[in-house]
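See below for the structure under consideration.
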Amino acid sequence: MNLGATSPTSRHKLQRAGCLVLTLLLAASLYAAKKSKVSDAATEQKRALHALDRLAFGPRPGDVQFVTAMGVDKWIEQQLHPDKIDDSAMQSRLAGYRTLQMSSREMLLDFPPNPVLKAVQEGKLPMPRDPYRRAVYVAGLDRMEQKQEQKQNAAEATPANAQPNGIATPVAMQRQQDRRDAHGVVDDLIALRADQRMQRILALPVAQQRDLTQGLPFEKRQALLSGLTAEQCETVLALNNPAGVINNEVQSAKLLRAVYSDRQLEEVLTDFWFNHFNVFIGKGADHYLVTAYERDVIRLHVLGKFQDLLIATAKSPAMLFYLDNWQSEGPDSDAAHGVPEHPHAQAARMNGPFGPRRWPPGYPPPQQKPNAQNKQQKRSSGLNENYARELMELHTLGVNGGYSQQDVTQVARVFTGWTIEEPRQGGGFTFKQRLHEPGKKTVLGRTIKEGGENEGVQVLEMLARSPATARFISTELSQRFVSDTPPQSLVDAMAKTYLKSDGDLREVLRTMFHSPEFWAPEAYRARVKTPFEFVVSSLRATQADITDPQPLLATLNKMGMLLYGSQPPTGYSTKSDVWVNSAALLDRMNFGLALSTNHLPGTSFDLSQLTKGTATSDNDPYKVQLELEQTLLAGNVSQQTHQTIEERIAAPQAIAQFADPNRPTNVNVIAGLLLGSPEFQRK
Amino acid sequence: MSITRRAFMKGGAMAVVGTAAIPSFLTRAAWGAVAPGASNKRLVVIFQRGAADGLNIVVPHAEHAYYAMRPSINIPRQQVIDLNGFFGLHPSLSSFKPLWNQDHLAIVHAAGSPDTTRSHFDAQDYMESGTPGVKATTDGWLNRTVQSQPYPVDSPFRAVALGTSLPRILSGKAAAVAVSNVNGFGVSGGNPAAAPLGNTFEAMYAQSVDTVLHSTATETFEAVKMLKSADPRHYTPAPGANYPKGRFGDALQQTAQLIKSNLGVQIAFTDIGGWDHHVNEGAVEGQLSNVLREFSQSIASFWTDLGALAEDTVVVTMSEFGRTARENGNRGTDHGHANVMFILGGPVRGGRVYGRWPGLEPSQLNEGRDLALTTDFRRVLGEAVSRHLGNDHLNSVFPGFDNSPREFLRYLG
């Protein structure tokens, strides 16, 4: 290191001193460079974790390393182009869910609700010839007839002969007996080969077919369905509850995609935009409309132009039905003036898309009054402001977006006539001039000339271009991706991009993902996970293998976040204070424990996979703890949490448990404690 | 992230003490002065979600127009349980009659929210926020009731909702717990074998610097412990309290359990759905009749179950709006306006129907179709909050509404 150590002269001395300084400086800068390289790597890892928490539903083991190696910015860009990401592995997990590919009409015919069954009963629709479909129809008709009978009996019962509460009626007792009989058959069926089993099921008496899967314990249900084709499984389940098959498939798919899809940003965005344009799966016909709504309306547009997304939702049967616009009628329209319409069209308007208007869901058998006088009675219909109000308040301008009640009424008039074609047959959007309010309208100070369907398109375009919409959408996106209270500077920057790019959502996201605010220290772990985010991130972090998502869906329901189950149009909140309450917190701790100790049917967890087998084979709980803190929390574990778990391991009664060679899974509890820890609740 | 008042207070106390075990006098002191004598008064609020048909629940059987407008779904005069010669109860409410006779049950007719919306979503939202027409209100009026009144008992069960999530009406800055099932409330469903795990979680959260999670967890584990010592598993309702099977009966039974366990419950909330009968509503029997039976038998059982504690309890029921005065073409009713509210309690001057009856002649109907509104629901609730709970901050509980005591119906003694 000494360059001129032998030189005796003062000049040399000076030189030497200079060299020393230089050397020291060089060494210092080398050290600094090395250190900054280390800290760069650390920063990049931290950035990767943050990106995975926000653009994805949390990291799986190895994801942070993968994203770091690829480069965070490159990974983000890739996520912004999901079509370039191979997702075939995940697709194969969805193969069993046939309804995901069906149109609403196909679903309606394969899994018939009462109005379809009624049409068959009355000979208006043929009984299907396909044996599977036929069995579903026969069971459905039997169920419907029984309900009609029960209603008849209830109507005939007088208070004097009514059964006191709690005492089973003979009918109820018979039902219980039938169910016991049906479940008695299950063991015999399970013993059969799959193809024989299906034959036997189709040959059972209809009452037994219907009760076969009703209240059947999970393991038996699994065994009963094992080896059957997707169509056979659906048929067996539809014998009991056809609508349930559709619900279960669309909900299962959402969960599986969130956990396993490599197109994570697309899943996060599909969830975000569905929630923004929320519809409720429990509202009547929306049972049959949600699948296509998410697939063809939401998912298709999440990285496109906001205006296209907005128009697509406005024209979707799911939204038209959910916010009642399909039945909105102009006060001065032909329909309101009683101008006669085609008899077929009239029948359609009198009833809901797939049944009589009703809320909440259900399909009571339609009953027409016998006397002719009542047929003349005009239904109390009229202008429905529901969609108009939510369109401005929730979909575009925001509650303080500068519109008045007058604007709501005017927009409602604009959208009269936007309805559903052939509502009882799963039809799509149509514009009916007959329902449309004539005359010009004034919306937000602008005159909309009379122009039928085009009036609505004009209003949607106007709303989509509004600066208030740009701000509102930017605020909502940054609340989801950054924090409950995003910095105004970020919202402004995103809104600017929105207006400049004509509402290009990919550009708006890019602005957010490359903003200093997105990467600011206060944005890290700023959000408390919603129940869905919590459950999905747990499943990802533990690399759980889901063979049947149903128990997970039930867990989410218990946590207050039934998938597609937000009844109000606001959708689910993503704000912390909504989801942090006593029942919820206990539910999370309990979920973590159930998942890690393999007490969740249909989902399995393998600890050795997370710890590469080393720590578990030693059965050393301390080592397991250290490894899990890395895999599950990327090392982001507080001293308090670490010590508390360590003390738990060291507790006298625990040592024996952990050392028990017959119960090696006791160490799994450590994973459960970490999933239930305060750290894991945040992202 | 907004720091809630409770987080601030409990977090603040933590910062001073620096340990998980906050002496209870500290938290109590944080609530400020204690309102004398207010601790044992309870308010139970029940929401009938889906818009109950008030005209077929408390029937104006002396109104000719009622029978004229409801040819197929009316309750025949001879089958109505007459109350005062003008109004009568639906026959499925027979378990309410003894409570009426004992002057514990009062009725307010033609009451509700003045907002004109016919949307279930909006109307429920307004009734829970307590600010009809104002969507921007972030908290519920029951939460503001808690916020605005000091309470002498430091209990996590002061405000409790029976259900899986905290409803709008109870959400806000003040602490409130949601309990889905008192018997499974705890880590691993309260299984004693899991107690060490529960303790581990408790310690983890107690020491956490995460204020939001920390304060909720503190309340949660306090609640779990209090409930455990109350031993809910060995609870038997009082003789004669035969709750009907179902979610609503369960919820009220659990509410009674919490109240009787002396856990400091001041406010409890639960709800019952199934009132939206657009089609085949039924009359003496049928869909409405069935849900009314469940509704009234559950409430009557709750009353019996409370025993002497009923003296300090007031139960109020509400629904987002009423239904059309005329039946529709499907033997049902559509969304209407004013409705009926029940008030049950020890201090209630029952055996009377309160409020001005607007009449059912066409000119008397709201928009020519619904029962007109003569009593704002906030007037009814305000009286309970003020005169029963002793909370005089009605301007905070129902902002923007002039809730002058002079205007109270005086259904409380």
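Here's how to read the names in the structure tokens: chain A, B, ... by the order shown, residue numbers from 1 in each chain, ligand numbers from 1 in the order shown.
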
Taking 6 positions as the minimum chain separation for residues in the same chain, which residues sit within 8 Å of Leu265 of chain A when counting only C-alpha atoms? Answer as an MDAnalysis selection string. chainID A and resid 55:56 79:80 82

Produce a file of the selected residues containing N, CA and C atoms, as a tab-separated table (two decimals), in the first residue's frame.
```
chain	number	residue	atom	x	y	z
A	55	LEU	N	-48.38	-5.31	-6.44
A	55	LEU	CA	-48.82	-5.71	-7.77
A	55	LEU	C	-49.28	-7.16	-7.78
A	56	ALA	N	-48.96	-7.87	-6.69
A	56	ALA	CA	-49.35	-9.28	-6.59
A	56	ALA	C	-50.03	-9.49	-5.24
A	79	GLN	N	-45.51	-7.41	-15.86
A	79	GLN	CA	-46.84	-7.56	-15.27
A	79	GLN	C	-47.85	-6.65	-15.97
A	80	LEU	N	-47.36	-5.54	-16.52
A	80	LEU	CA	-48.27	-4.63	-17.24
A	80	LEU	C	-48.67	-5.19	-18.61
A	82	PRO	N	-49.78	-8.72	-19.33
A	82	PRO	CA	-50.04	-10.10	-18.88
A	82	PRO	C	-50.13	-11.10	-20.03
```

Can you work out which residues from chain B touch chain A at a cut-off of 6 Å (counting only C-alpha atoms) and hand them back as a PyMOL selection string? chain B and resi 1+121+164-165+177-179+187-188+204+220+278+285

Next, dump the selected residues to file, keeping only all heavy atoms, as a JSON list (two decimals), in the first residue's frame.
```
[["chain", "number", "residue", "atom", "x", "y", "z"],
["B", 1, "MET", "N", -52.45, 6.53, 7.27],
["B", 1, "MET", "CA", -53.40, 5.78, 8.10],
["B", 1, "MET", "C", -53.92, 6.67, 9.21],
["B", 1, "MET", "O", -53.17, 7.31, 9.92],
["B", 1, "MET", "CB", -52.65, 4.60, 8.68],
["B", 1, "MET", "CG", -53.40, 3.94, 9.78],
["B", 1, "MET", "SD", -53.05, 2.22, 9.76],
["B", 1, "MET", "CE", -52.84, 1.92, 8.01],
["B", 121, "PHE", "N", -80.14, -0.25, -0.47],
["B", 121, "PHE", "CA", -78.75, 0.09, -0.12],
["B", 121, "PHE", "C", -78.70, 1.44, 0.58],
["B", 121, "PHE", "O", -78.18, 1.59, 1.67],
["B", 121, "PHE", "CB", -77.86, 0.21, -1.35],
["B", 121, "PHE", "CG", -77.99, -0.86, -2.37],
["B", 121, "PHE", "CD1", -78.11, -0.53, -3.71],
["B", 121, "PHE", "CD2", -77.95, -2.19, -2.01],
["B", 121, "PHE", "CE1", -78.21, -1.51, -4.67],
["B", 121, "PHE", "CE2", -78.03, -3.17, -2.96],
["B", 121, "PHE", "CZ", -78.16, -2.84, -4.30],
["B", 164, "THR", "N", -70.72, -11.45, 11.90],
["B", 164, "THR", "CA", -69.32, -11.68, 11.53],
["B", 164, "THR", "C", -68.54, -10.40, 11.32],
["B", 164, "THR", "O", -67.32, -10.40, 11.38],
["B", 164, "THR", "CB", -69.22, -12.48, 10.22],
["B", 164, "THR", "OG1", -70.01, -11.80, 9.24],
["B", 164, "THR", "CG2", -69.70, -13.88, 10.40],
["B", 165, "SER", "N", -69.21, -9.32, 11.00],
["B", 165, "SER", "CA", -68.46, -8.09, 10.81],
["B", 165, "SER", "C", -69.19, -6.97, 11.51],
["B", 165, "SER", "O", -70.36, -7.08, 11.85],
["B", 165, "SER", "CB", -68.29, -7.79, 9.33],
["B", 165, "SER", "OG", -69.55, -7.71, 8.73],
["B", 177, "VAL", "N", -67.13, -4.32, 19.45],
["B", 177, "VAL", "CA", -66.72, -5.67, 19.05],
["B", 177, "VAL", "C", -67.80, -6.36, 18.25],
["B", 177, "VAL", "O", -68.99, -6.17, 18.49],
["B", 177, "VAL", "CB", -66.33, -6.60, 20.23],
["B", 177, "VAL", "CG1", -65.02, -6.20, 20.84],
["B", 177, "VAL", "CG2", -67.42, -6.67, 21.26],
["B", 178, "ALA", "N", -67.36, -7.13, 17.29],
["B", 178, "ALA", "CA", -68.26, -7.99, 16.54],
["B", 178, "ALA", "C", -68.04, -9.41, 17.05],
["B", 178, "ALA", "O", -66.91, -9.87, 17.13],
["B", 178, "ALA", "CB", -67.95, -7.92, 15.06],
["B", 179, "VAL", "N", -69.11, -10.06, 17.43],
["B", 179, "VAL", "CA", -69.01, -11.42, 17.94],
["B", 179, "VAL", "C", -69.94, -12.29, 17.09],
["B", 179, "VAL", "O", -71.13, -12.03, 17.02],
["B", 179, "VAL", "CB", -69.46, -11.50, 19.41],
["B", 179, "VAL", "CG1", -69.39, -12.93, 19.92],
["B", 179, "VAL", "CG2", -68.61, -10.60, 20.28],
["B", 187, "VAL", "N", -59.12, -18.04, 20.46],
["B", 187, "VAL", "CA", -58.20, -18.75, 19.58],
["B", 187, "VAL", "C", -58.57, -20.23, 19.58],
["B", 187, "VAL", "O", -58.84, -20.80, 20.64],
["B", 187, "VAL", "CB", -56.74, -18.52, 20.03],
["B", 187, "VAL", "CG1", -55.79, -19.44, 19.27],
["B", 187, "VAL", "CG2", -56.36, -17.07, 19.81],
["B", 188, "SER", "N", -58.61, -20.81, 18.38],
["B", 188, "SER", "CA", -59.08, -22.19, 18.19],
["B", 188, "SER", "C", -60.45, -22.40, 18.83],
["B", 188, "SER", "O", -60.68, -23.38, 19.53],
["B", 188, "SER", "CB", -58.08, -23.21, 18.73],
["B", 188, "SER", "OG", -56.93, -23.19, 17.94],
["B", 204, "MET", "N", -47.76, -11.28, 21.60],
["B", 204, "MET", "CA", -47.22, -10.75, 20.35],
["B", 204, "MET", "C", -47.85, -9.39, 20.03],
["B", 204, "MET", "O", -47.18, -8.43, 19.71],
["B", 204, "MET", "CB", -47.63, -11.73, 19.26],
["B", 204, "MET", "CG", -46.60, -12.07, 18.25],
["B", 204, "MET", "SD", -47.45, -13.09, 17.03],
["B", 204, "MET", "CE", -46.76, -14.66, 17.34],
["B", 220, "THR", "N", -59.74, -7.26, 21.94],
["B", 220, "THR", "CA", -60.17, -8.62, 21.61],
["B", 220, "THR", "C", -59.84, -9.58, 22.75],
["B", 220, "THR", "O", -60.70, -10.34, 23.20],
["B", 220, "THR", "CB", -59.48, -9.10, 20.32],
["B", 220, "THR", "OG1", -59.74, -8.14, 19.30],
["B", 220, "THR", "CG2", -59.98, -10.46, 19.90],
["B", 278, "HIS", "N", -92.03, -8.74, -2.68],
["B", 278, "HIS", "CA", -92.65, -8.18, -3.88],
["B", 278, "HIS", "C", -93.68, -9.14, -4.46],
["B", 278, "HIS", "O", -94.53, -8.75, -5.25],
["B", 278, "HIS", "CB", -91.59, -7.91, -4.95],
["B", 278, "HIS", "CG", -90.69, -6.76, -4.64],
["B", 278, "HIS", "ND1", -91.04, -5.47, -4.91],
["B", 278, "HIS", "CD2", -89.47, -6.72, -4.07],
["B", 278, "HIS", "CE1", -90.05, -4.66, -4.53],
["B", 278, "HIS", "NE2", -89.09, -5.40, -4.01],
["B", 285, "GLU", "N", -101.40, -16.00, 6.81],
["B", 285, "GLU", "CA", -100.29, -16.95, 6.71],
["B", 285, "GLU", "C", -99.47, -16.59, 5.48],
["B", 285, "GLU", "O", -99.93, -15.84, 4.63],
["B", 285, "GLU", "CB", -100.83, -18.39, 6.58],
["B", 285, "GLU", "CG", -101.43, -18.93, 7.85],
["B", 285, "GLU", "CD", -100.43, -19.07, 8.99],
["B", 285, "GLU", "OE1", -99.24, -19.31, 8.71],
["B", 285, "GLU", "OE2", -100.84, -18.92, 10.15]]
```

Residue contacts of His287 of chain A (12 Å, only C-alpha atoms) excluding same-chain residues fewer than 3 positions away, as a VMD selection string: chain A and resid 99 104 107 to 108 111 to 113 242 to 251 279 to 284 290 to 293 317 to 318 321 to 322 353 to 354 360 to 363 426 564 to 565

Which one of B:Thr216, B:Arg387, B:Gly351, B:Val397 sits closest to Lys97 of chain B if you count only C-alpha atoms?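 Checking each candidate against Lys97 of chain B, we get B:Gly351 as the closest.
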
Residue list (helix (DSSP H, G or I), DSSP) for segment 98-216 of chain B, as a PDB file with C-alpha atoms, in the first residue's frame:
```
ATOM      1  CA  PRO B  98     -98.824  -9.802  26.663  1.00  0.00           C
ATOM      2  CA  LEU B  99     -96.002  -7.226  26.462  1.00  0.00           C
ATOM      3  CA  TRP B 100     -98.503  -4.686  25.166  1.00  0.00           C
ATOM      4  CA  ASN B 101    -100.955  -5.555  27.911  1.00  0.00           C
ATOM      5  CA  HIS B 120     -82.470  -0.687  -0.039  1.00  0.00           C
ATOM      6  CA  PHE B 121     -78.750   0.088  -0.116  1.00  0.00           C
ATOM      7  CA  ASP B 122     -79.117   3.809   0.363  1.00  0.00           C
ATOM      8  CA  ALA B 123     -81.982   3.727   2.803  1.00  0.00           C
ATOM      9  CA  GLN B 124     -80.228   1.220   5.090  1.00  0.00           C
ATOM     10  CA  ASP B 125     -77.062   3.223   4.826  1.00  0.00           C
ATOM     11  CA  TYR B 126     -78.849   6.414   5.826  1.00  0.00           C
ATOM     12  CA  MET B 127     -80.588   4.774   8.743  1.00  0.00           C
ATOM     13  CA  GLU B 128     -77.304   3.370   9.991  1.00  0.00           C
ATOM     14  CA  SER B 129     -75.280   6.525   9.476  1.00  0.00           C
ATOM     15  CA  TRP B 141     -74.969   6.728  14.840  1.00  0.00           C
ATOM     16  CA  LEU B 142     -74.593   3.980  17.440  1.00  0.00           C
ATOM     17  CA  ASN B 143     -70.849   4.459  17.307  1.00  0.00           C
ATOM     18  CA  ARG B 144     -71.282   8.199  17.753  1.00  0.00           C
ATOM     19  CA  THR B 145     -73.504   7.450  20.723  1.00  0.00           C
ATOM     20  CA  VAL B 146     -70.545   5.628  22.268  1.00  0.00           C
ATOM     21  CA  GLN B 147     -68.080   8.313  21.196  1.00  0.00           C
ATOM     22  CA  ARG B 168     -72.203   0.325   9.449  1.00  0.00           C
ATOM     23  CA  ILE B 169     -74.305   1.481  12.394  1.00  0.00           C
ATOM     24  CA  LEU B 170     -71.523   0.572  14.863  1.00  0.00           C
ATOM     25  CA  VAL B 182     -70.025 -16.244  21.872  1.00  0.00           C
ATOM     26  CA  ASN B 183     -69.206 -19.909  22.329  1.00  0.00           C
ATOM     27  CA  GLY B 184     -66.447 -19.974  19.740  1.00  0.00           C
ATOM     28  CA  VAL B 187     -58.199 -18.748  19.584  1.00  0.00           C
ATOM     29  CA  SER B 188     -59.081 -22.195  18.186  1.00  0.00           C
ATOM     30  CA  GLY B 189     -62.690 -21.572  19.102  1.00  0.00           C
ATOM     31  CA  GLY B 190     -61.774 -21.094  22.757  1.00  0.00           C
ATOM     32  CA  PRO B 192     -58.712 -24.890  26.387  1.00  0.00           C
ATOM     33  CA  ALA B 193     -55.908 -26.953  24.829  1.00  0.00           C
ATOM     34  CA  ALA B 194     -55.114 -23.981  22.596  1.00  0.00           C
ATOM     35  CA  ALA B 195     -54.788 -21.571  25.513  1.00  0.00           C
ATOM     36  CA  PRO B 196     -50.969 -21.327  25.233  1.00  0.00           C
ATOM     37  CA  LEU B 197     -51.335 -20.338  21.583  1.00  0.00           C
ATOM     38  CA  GLY B 198     -53.865 -17.693  22.528  1.00  0.00           C
ATOM     39  CA  ASN B 199     -51.427 -16.374  25.104  1.00  0.00           C
ATOM     40  CA  THR B 200     -48.652 -16.271  22.532  1.00  0.00           C
ATOM     41  CA  PHE B 201     -50.783 -14.249  20.136  1.00  0.00           C
ATOM     42  CA  GLU B 202     -51.822 -11.975  22.943  1.00  0.00           C
ATOM     43  CA  ALA B 203     -48.235 -11.302  23.970  1.00  0.00           C
ATOM     44  CA  MET B 204     -47.223 -10.749  20.352  1.00  0.00           C
ATOM     45  CA  TYR B 205     -49.894  -8.124  19.797  1.00  0.00           C
ATOM     46  CA  ALA B 206     -49.557  -6.587  23.250  1.00  0.00           C
ATOM     47  CA  THR B 211     -51.059   0.898  17.090  1.00  0.00           C
ATOM     48  CA  VAL B 212     -54.088  -0.062  15.032  1.00  0.00           C
ATOM     49  CA  LEU B 213     -53.608  -3.799  15.418  1.00  0.00           C
ATOM     50  CA  HIS B 214     -52.358  -3.449  18.943  1.00  0.00           C
ATOM     51  CA  SER B 215     -55.424  -1.664  20.291  1.00  0.00           C
ATOM     52  CA  THR B 216     -57.915  -3.936  18.557  1.00  0.00           C
TER      53      THR B 216
END
```

Distance in Å - atom CA of His109 of chain B versus atom CA of Gly355 of chain B: 6.0 Å

At what distance in Å, to one decimal, does atom CA of Trp418 of chain A lie from atom CA of Leu320 of chain A? 7.7 Å
